[in-house]
Amino acid sequence: MPQGTGALAALQPALGGGPYNTAVALGRLGSPTAFCSRASADAFGTALLDGLRQAGVDVSLVERGPEPTTLAAATIGPQGSASYSFYVEGTADRLFTAPAGLPATTRAVSFGTLSLVLEPGASAYEELMREAAGQGLFTALDPNIRASLIADPDAYRARFKSWLPSVTLLKLSEEDALWLGGTPHEWLSAGPSAVVITHGGDGLSAFTRDGTVYAVPGEEVAVVDTIGAGDTVNAALLHGLAAQDALSVEALLGLGSDGWTSLLRFAARAAAITCSRAGAEPPYAAELTDQ
């Protein structure tokens, strides 16, 4: 994370990564959560696992390897948005191999970001997604596009479409949706039961398979940066759905206006708190209970 403005601002190490942030946010909200990935045995990798443990996340499924940790150097824009320079060659997480099985208590799995781009791990995660869907688990996907790391955009877009039959809940930012092409109606017809699109400070919209659209405005907040906001939305959606016992296709389709509005407002509040502080620092449950 930069400690000032400009390309040569001093950098401070910060824990992060899309699915990582989602796991931490879920743990902080109080949802029983496990992280399934591969981390370096270096000091950065150890710090990443410590961060998960501090959030109450089970790390027993995390593989370790001697390769270095992936690094992302951020530059913060005037509105708090971040751009990144990535250092990913030969790093530990992209060598992920799928476990023999997920914990028996697993109700939902969440995928996204670079883990579905960088091979050979991307193919392993893809297979895990398909297997989880085949077992009837609730599957959430956040592509969280990092275009600079996608060598063949058309091939990635085709691959994205191939995932949709295995996805229960698709969440994208407006920017992701524009880059991928297509519409919520097209994506829903390919498999997901619901599509949630984030609109930055303007809030969130949910599109369901029956053609209904639900929308809530964003929460006003003094933005420090937007890092981790979308990942916090992922966690808030999963946590909120679990609280409504709606982690299934049938329950998601029957959520209704009150259920969706409550869920989206909760996600908007959680994301706003993340935006109010530097780096990916999602809220704890206690920060949301009094709102």
# chains A, B, ... in the order shown; residues from 1 in each chain; ligands from 1

$ residues_around --residues "Ala132 in chain A" --least-positions-apart "3" --cutoff "10 Å" --atoms "only C-alpha atoms" --output "PyMOL selection string"
chain A and resi 101-102+106-109+126-129+135-139+166-167

$ write_last_selection --atoms "C-alpha atoms" --output "PDB file, in the first residue's frame"
ATOM      1  CA  GLY A 101     -12.479 -32.871  -0.556  1.00  0.00           C
ATOM      2  CA  LEU A 102     -14.010 -29.904   1.237  1.00  0.00           C
ATOM      3  CA  THR A 106     -19.319 -26.682   3.832  1.00  0.00           C
ATOM      4  CA  ARG A 107     -22.465 -24.863   2.689  1.00  0.00           C
ATOM      5  CA  ALA A 108     -21.016 -22.401   0.166  1.00  0.00           C
ATOM      6  CA  VAL A 109     -17.813 -21.795  -1.763  1.00  0.00           C
ATOM      7  CA  GLU A 126     -12.155 -24.244 -11.956  1.00  0.00           C
ATOM      8  CA  GLU A 127     -12.434 -27.978 -11.395  1.00  0.00           C
ATOM      9  CA  LEU A 128     -13.121 -27.414  -7.695  1.00  0.00           C
ATOM     10  CA  MET A 129     -15.929 -25.013  -8.632  1.00  0.00           C
ATOM     11  CA  GLN A 135     -22.409 -31.684  -5.101  1.00  0.00           C
ATOM     12  CA  GLY A 136     -25.186 -29.119  -4.708  1.00  0.00           C
ATOM     13  CA  LEU A 137     -23.134 -26.521  -2.849  1.00  0.00           C
ATOM     14  CA  PHE A 138     -23.941 -22.822  -3.180  1.00  0.00           C
ATOM     15  CA  THR A 139     -21.252 -21.301  -5.419  1.00  0.00           C
ATOM     16  CA  SER A 166     -21.726 -23.906 -12.047  1.00  0.00           C
ATOM     17  CA  VAL A 167     -22.472 -20.547 -10.377  1.00  0.00           C
TER      18      VAL A 167
END

$ closest_atom_pairs --of "range 167-257 of chain A" --to "range 264-273 of chain A" --cutoff "6 Å" --atoms "only C-alpha atoms" --output "CSV"
residue,atom,partner,partner_atom,distance
A:Gly218,CA,A:Ala268,CA,5.8
A:Glu219,CA,A:Arg269,CA,6.0
A:Ala229,CA,A:Ala271,CA,4.8
A:Thr232,CA,A:Ala271,CA,5.6
A:Val233,CA,A:Ala267,CA,5.1
A:Ala236,CA,A:Ala267,CA,5.0

$ write_last_selection --atoms "N, CA and C atoms" --output "JSON list (two decimals), in the first residue's frame"
[["chain", "number", "residue", "atom", "x", "y", "z"],
["A", 218, "GLY", "N", -25.87, 3.64, -2.23],
["A", 218, "GLY", "CA", -24.67, 3.48, -1.43],
["A", 218, "GLY", "C", -24.77, 4.24, -0.12],
["A", 219, "GLU", "N", -23.91, 3.89, 0.83],
["A", 219, "GLU", "CA", -23.83, 4.59, 2.11],
["A", 219, "GLU", "C", -22.81, 5.72, 1.97],
["A", 229, "ALA", "N", -13.36, -3.28, -1.04],
["A", 229, "ALA", "CA", -14.79, -3.01, -0.92],
["A", 229, "ALA", "C", -15.63, -4.10, -1.59],
["A", 232, "THR", "N", -15.57, -7.23, 0.40],
["A", 232, "THR", "CA", -16.45, -7.11, 1.56],
["A", 232, "THR", "C", -17.89, -7.35, 1.16],
["A", 233, "VAL", "N", -18.29, -6.86, -0.02],
["A", 233, "VAL", "CA", -19.64, -7.14, -0.52],
["A", 233, "VAL", "C", -19.85, -8.64, -0.66],
["A", 236, "ALA", "N", -20.37, -10.02, 2.80],
["A", 236, "ALA", "CA", -21.64, -9.58, 3.38],
["A", 236, "ALA", "C", -22.81, -10.31, 2.75]]

$ residues_around --residues "Asp142 in chain A" --least-positions-apart "5" --cutoff "6 Å" --atoms "only C-alpha atoms" --output "list in words"
Gly112, Lys171 and Leu172 of chain A

$ residues_around --residues "range 257-260 of chain A" --least-positions-apart "2" --cutoff "9 Å" --atoms "only C-alpha atoms" --output "list in words"
Ala206, Tyr214, Ala215, Leu241, Gln244, Gly254, Leu255, Ser262, Leu263, Leu264 and Arg265 of chain A

$ closest_atom_pairs --of "range 230-290 of chain A" --to "range 46-63 of chain A" --cutoff "12 Å" --atoms "only C-alpha atoms" --output "tab-separated table"
residue	atom	partner	partner_atom	distance
A:Ala280	CA	A:Gly51	CA	11.7
A:Glu281	CA	A:Gly51	CA	11.0
A:Pro282	CA	A:Ala55	CA	10.4
A:Pro283	CA	A:Ala55	CA	10.8
A:Tyr284	CA	A:Ala55	CA	9.2
A:Ala285	CA	A:Ala55	CA	11.4

$ write_last_selection --atoms "N, CA, C and O atoms" --output "short mmCIF file (atom, residue, chain, number, x, y, z; two decimals), in the first residue's frame"
data_model
loop_
_atom_site.label_atom_id
_atom_site.label_comp_id
_atom_site.auth_asym_id
_atom_site.auth_seq_id
_atom_site.Cartn_x
_atom_site.Cartn_y
_atom_site.Cartn_z
N ALA A 280 -7.39 -3.19 2.67
CA ALA A 280 -8.55 -4.08 2.78
C ALA A 280 -8.78 -4.40 4.25
O ALA A 280 -8.28 -5.40 4.77
N GLU A 281 -9.53 -3.54 4.93
CA GLU A 281 -9.82 -3.73 6.36
C GLU A 281 -11.34 -3.79 6.53
O GLU A 281 -11.99 -2.81 6.88
N PRO A 282 -11.93 -4.97 6.29
CA PRO A 282 -13.39 -5.09 6.39
C PRO A 282 -13.87 -4.98 7.84
O PRO A 282 -13.09 -5.16 8.79
N PRO A 283 -15.16 -4.70 8.02
CA PRO A 283 -15.68 -4.49 9.37
C PRO A 283 -15.87 -5.77 10.16
O PRO A 283 -15.97 -6.87 9.61
N TYR A 284 -15.94 -5.59 11.48
CA TYR A 284 -16.35 -6.67 12.38
C TYR A 284 -17.86 -6.59 12.57
O TYR A 284 -18.48 -5.53 12.35
N ALA A 285 -18.46 -7.67 13.02
CA ALA A 285 -19.91 -7.71 13.19
C ALA A 285 -20.40 -6.58 14.09
O ALA A 285 -21.45 -5.97 13.82
#

$ residues_around --residues "Ala286 in chain A" --least-positions-apart "6" --cutoff "10 Å" --atoms "only C-alpha atoms" --output "list in words"
Arg28, Leu29 and Gly30 of chain A

$ write_last_selection --atoms "all heavy atoms" --output "PDB file, in the first residue's frame"
ATOM      1  N   ARG A  28     -14.579 -12.040  10.287  1.00  0.00           N
ATOM      2  CA  ARG A  28     -14.863 -10.903  11.163  1.00  0.00           C
ATOM      3  C   ARG A  28     -16.359 -10.733  11.411  1.00  0.00           C
ATOM      4  O   ARG A  28     -16.762 -10.252  12.475  1.00  0.00           O
ATOM      5  CB  ARG A  28     -14.268  -9.623  10.578  1.00  0.00           C
ATOM      6  CG  ARG A  28     -12.751  -9.584  10.610  1.00  0.00           C
ATOM      7  CD  ARG A  28     -12.214  -8.257  10.095  1.00  0.00           C
ATOM      8  NE  ARG A  28     -10.762  -8.202  10.199  1.00  0.00           N
ATOM      9  CZ  ARG A  28     -10.025  -7.127   9.913  1.00  0.00           C
ATOM     10  NH1 ARG A  28     -10.626  -6.016   9.491  1.00  0.00           N
ATOM     11  NH2 ARG A  28      -8.715  -7.150  10.032  1.00  0.00           N
ATOM     12  N   LEU A  29     -17.172 -11.117  10.427  1.00  0.00           N
ATOM     13  CA  LEU A  29     -18.616 -11.029  10.594  1.00  0.00           C
ATOM     14  C   LEU A  29     -19.176 -12.159  11.451  1.00  0.00           C
ATOM     15  O   LEU A  29     -20.331 -12.100  11.874  1.00  0.00           O
ATOM     16  CB  LEU A  29     -19.306 -11.026   9.228  1.00  0.00           C
ATOM     17  CG  LEU A  29     -19.101  -9.766   8.383  1.00  0.00           C
ATOM     18  CD1 LEU A  29     -19.697  -9.962   6.991  1.00  0.00           C
ATOM     19  CD2 LEU A  29     -19.704  -8.543   9.057  1.00  0.00           C
ATOM     20  N   GLY A  30     -18.350 -13.185  11.675  1.00  0.00           N
ATOM     21  CA  GLY A  30     -18.777 -14.279  12.539  1.00  0.00           C
ATOM     22  C   GLY A  30     -19.232 -15.522  11.820  1.00  0.00           C
ATOM     23  O   GLY A  30     -19.735 -16.457  12.453  1.00  0.00           O
TER      24      GLY A  30
END

$ select_by_dssp --residues "range 72-171 of chain A" --states "helix (DSSP H, G or I)" --output "count of residues only"
38

$ residues_around --residues "Leu95 in chain A" --least-positions-apart "3" --cutoff "12 Å" --atoms "only C-alpha atoms" --output "mmCIF file with C-alpha atoms, in the first residue's frame"
data_model
loop_
_atom_site.group_PDB
_atom_site.id
_atom_site.type_symbol
_atom_site.label_atom_id
_atom_site.label_comp_id
_atom_site.auth_asym_id
_atom_site.auth_seq_id
_atom_site.Cartn_x
_atom_site.Cartn_y
_atom_site.Cartn_z
ATOM 1 C CA SER A 37 -5.389 -21.928 -1.305
ATOM 2 C CA ARG A 38 -1.606 -22.201 -1.369
ATOM 3 C CA ALA A 39 0.707 -19.817 0.480
ATOM 4 C CA SER A 40 4.438 -19.294 0.537
ATOM 5 C CA VAL A 62 -3.962 -24.098 2.961
ATOM 6 C CA GLU A 63 -0.962 -25.665 1.245
ATOM 7 C CA ARG A 64 2.515 -24.207 1.794
ATOM 8 C CA GLY A 65 5.354 -23.970 -0.709
ATOM 9 C CA PRO A 66 8.907 -22.572 -0.981
ATOM 10 C CA GLU A 67 8.045 -20.164 -3.801
ATOM 11 C CA PRO A 68 7.717 -16.419 -3.059
ATOM 12 C CA THR A 69 4.457 -14.639 -2.245
ATOM 13 C CA THR A 70 2.575 -12.836 -5.001
ATOM 14 C CA VAL A 88 3.212 -13.126 -10.049
ATOM 15 C CA GLU A 89 5.832 -15.181 -11.883
ATOM 16 C CA GLY A 90 6.778 -18.358 -10.050
ATOM 17 C CA THR A 91 4.776 -17.460 -6.939
ATOM 18 C CA ALA A 92 3.305 -19.921 -4.476
ATOM 19 C CA ALA A 98 -7.328 -28.936 -5.281
ATOM 20 C CA SER A 115 -6.960 -17.416 -8.749
ATOM 21 C CA LEU A 116 -9.055 -18.017 -11.861
ATOM 22 C CA VAL A 117 -6.521 -16.393 -14.197
ATOM 23 C CA LEU A 118 -3.053 -17.658 -13.277
ATOM 24 C CA GLU A 119 -2.256 -21.202 -14.356
ATOM 25 C CA PRO A 120 -1.863 -23.955 -13.355
ATOM 26 C CA GLY A 121 -3.889 -23.045 -10.267
ATOM 27 C CA ALA A 122 -6.713 -21.511 -12.296
ATOM 28 C CA SER A 123 -7.637 -24.885 -13.782
ATOM 29 C CA ALA A 124 -7.532 -26.503 -10.335
ATOM 30 C CA TYR A 125 -9.904 -23.880 -8.919
#

$ residues_around --residues "Arg146 in chain A" --least-positions-apart "2" --cutoff "8 Å" --atoms "only C-alpha atoms" --output "PyMOL selection string"
chain A and resi 113-114+144+148-150

$ closest_residue --among "A:Ala278, A:Ala151, A:Ala246, A:Leu170" --to "Pro2 in chain A" --atoms "only C-alpha atoms"
A:Ala278

$ decode --residues "range 196-207 of chain A" --atoms "N, CA and C atoms" --output "PDB file, in the first residue's frame"
ATOM      1  N   VAL A 196     -25.500  -9.848  -8.826  1.00  0.00           N
ATOM      2  CA  VAL A 196     -25.402  -8.590  -8.084  1.00  0.00           C
ATOM      3  C   VAL A 196     -24.319  -7.739  -8.733  1.00  0.00           C
ATOM      4  N   ILE A 197     -24.658  -6.494  -9.048  1.00  0.00           N
ATOM      5  CA  ILE A 197     -23.693  -5.564  -9.643  1.00  0.00           C
ATOM      6  C   ILE A 197     -23.497  -4.392  -8.691  1.00  0.00           C
ATOM      7  N   THR A 198     -22.230  -4.078  -8.418  1.00  0.00           N
ATOM      8  CA  THR A 198     -21.906  -2.941  -7.560  1.00  0.00           C
ATOM      9  C   THR A 198     -21.671  -1.706  -8.425  1.00  0.00           C
ATOM     10  N   HIS A 199     -22.123  -0.561  -7.931  1.00  0.00           N
ATOM     11  CA  HIS A 199     -22.030   0.698  -8.678  1.00  0.00           C
ATOM     12  C   HIS A 199     -21.216   1.732  -7.905  1.00  0.00           C
ATOM     13  N   GLY A 200     -20.172   1.287  -7.215  1.00  0.00           N
ATOM     14  CA  GLY A 200     -19.371   2.213  -6.431  1.00  0.00           C
ATOM     15  C   GLY A 200     -20.206   2.904  -5.375  1.00  0.00           C
ATOM     16  N   GLY A 201     -20.080   4.218  -5.286  1.00  0.00           N
ATOM     17  CA  GLY A 201     -20.830   4.982  -4.303  1.00  0.00           C
ATOM     18  C   GLY A 201     -22.313   5.045  -4.562  1.00  0.00           C
ATOM     19  N   ASP A 202     -22.746   4.575  -5.744  1.00  0.00           N
ATOM     20  CA  ASP A 202     -24.168   4.625  -6.086  1.00  0.00           C
ATOM     21  C   ASP A 202     -24.943   3.394  -5.637  1.00  0.00           C
ATOM     22  N   GLY A 203     -24.274   2.444  -4.980  1.00  0.00           N
ATOM     23  CA  GLY A 203     -24.993   1.325  -4.396  1.00  0.00           C
ATOM     24  C   GLY A 203     -24.871   0.019  -5.146  1.00  0.00           C
ATOM     25  N   LEU A 204     -25.884  -0.844  -4.984  1.00  0.00           N
ATOM     26  CA  LEU A 204     -25.869  -2.183  -5.540  1.00  0.00           C
ATOM     27  C   LEU A 204     -27.219  -2.497  -6.173  1.00  0.00           C
ATOM     28  N   SER A 205     -27.174  -3.372  -7.192  1.00  0.00           N
ATOM     29  CA  SER A 205     -28.388  -3.876  -7.821  1.00  0.00           C
ATOM     30  C   SER A 205     -28.322  -5.390  -7.860  1.00  0.00           C
ATOM     31  N   ALA A 206     -29.469  -6.018  -7.658  1.00  0.00           N
ATOM     32  CA  ALA A 206     -29.568  -7.470  -7.763  1.00  0.00           C
ATOM     33  C   ALA A 206     -30.596  -7.822  -8.828  1.00  0.00           C
ATOM     34  N   PHE A 207     -30.222  -8.739  -9.715  1.00  0.00           N
ATOM     35  CA  PHE A 207     -31.090  -9.210 -10.788  1.00  0.00           C
ATOM     36  C   PHE A 207     -31.355 -10.693 -10.542  1.00  0.00           C
TER      37      PHE A 207
END
